[in-house]
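Below is one structure; the comments refer to it alone.
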Amino acid sequence: MPSITFYNGTSLLKKIEATKGRTILATAKQGRVALRHKCGGKASCLTCKVTIPNQSAVSAPEPKEARKLGESNLEKGLRLSCQTRVYGDIEAVIPEDPYKARIRALLEQARQE
């Protein structure tokens, strides 16, 4: 049975056993890993992005996903978790929430002043 190891940046979040052929988003929900999403897996909101450094054990991007993300993002390992199916052990890096990142940057700037 494949597994997904979720990271938030470099911090390990959780390792979850996945059903072969299931999406990363569905597996994250099952394992209670907080992964932002809004559209219910239809590839329209683009909020469920993850970075997958080694994509040898996941499905190839469908045309809809490739069109939404663009070739340069796909080359960097960025994928939509709602569209990416797992067939072996993988690592998925969840990006920092943009609002939290902005707040963190503002707090850091205030501390330096």
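Please note that chains go A, B, ... in the order of the structure tokens, that every chain numbers its residues from 1, and that ligands are numbered from 1 in the order shown.
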| field | Near-stretch 50-65 of chain A list (10 Å; only C-alpha atoms; drop same-chain fewer than 6 positions) as a PyMOL selection string | value | chain A and resi 2+6-9+20-25+35+42-44+73-95
| When DSSP works through the backbone of this structure, what residues of chain A end up as strand (DSSP E or B), shown as number ranges by chain? | A: 3-8, 11-17, 23, 49-51, 58, 78-80, 85-86, 90-94
| message | Could you tell me how far atom CA of A:Glu17 sits from atom CA of A:Ile4, in Å to one decimal place? | response | 6.5 Å
Closest contacts (stretch 36-84 of chain A/stretch 97-110 of chain A, max 12 Å, only C-alpha atoms) as a tab-separated table:
```
residue	atom	partner	partner_atom	distance
A:Arg36	CA	A:Asp97	CA	8.4
A:His37	CA	A:Asp97	CA	11.6
A:Thr47	CA	A:Asp97	CA	9.6
A:Cys48	CA	A:Asp97	CA	10.7
A:Lys49	CA	A:Asp97	CA	10.8
A:Val50	CA	A:Asp97	CA	11.6
```
Could you turn the residues from that selection into a file that holds N, CA and C atoms, as a PDB file, in the first residue's frame?
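Here's the written file selection17.pdb:
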```pdb
ATOM      1  N   ARG A  36      -5.620  23.060   2.122  1.00  0.00           N
ATOM      2  CA  ARG A  36      -6.650  23.996   1.656  1.00  0.00           C
ATOM      3  C   ARG A  36      -7.262  23.528   0.347  1.00  0.00           C
ATOM      4  N   HIS A  37      -8.572  23.699   0.254  1.00  0.00           N
ATOM      5  CA  HIS A  37      -9.301  23.418  -0.982  1.00  0.00           C
ATOM      6  C   HIS A  37     -10.679  24.065  -0.886  1.00  0.00           C
ATOM      7  N   THR A  47      -6.393  26.010  -5.013  1.00  0.00           N
ATOM      8  CA  THR A  47      -5.890  26.215  -3.650  1.00  0.00           C
ATOM      9  C   THR A  47      -5.244  24.979  -3.052  1.00  0.00           C
ATOM     10  N   CYS A  48      -5.370  23.833  -3.696  1.00  0.00           N
ATOM     11  CA  CYS A  48      -4.855  22.579  -3.124  1.00  0.00           C
ATOM     12  C   CYS A  48      -3.488  22.211  -3.683  1.00  0.00           C
ATOM     13  N   LYS A  49      -2.704  23.201  -4.086  1.00  0.00           N
ATOM     14  CA  LYS A  49      -1.397  22.930  -4.672  1.00  0.00           C
ATOM     15  C   LYS A  49      -0.442  22.320  -3.657  1.00  0.00           C
ATOM     16  N   VAL A  50       0.354  21.368  -4.117  1.00  0.00           N
ATOM     17  CA  VAL A  50       1.435  20.780  -3.337  1.00  0.00           C
ATOM     18  C   VAL A  50       2.641  20.631  -4.256  1.00  0.00           C
TER      19      VAL A  50
END
```
| task | Could you please write out, as a PyMOL selection string, every residue of chain A that DSSP assigns to helix (DSSP H, G or I)? | result | chain A and resi 24-30+63-69+71-75+98-112
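Of the residues listed (A:Ala18, A:Ala66, A:Met1, A:Ala26), A:Ala66 shows the shortest atom-to-atom separation from A:Leu46; distances use only C-alpha atoms.
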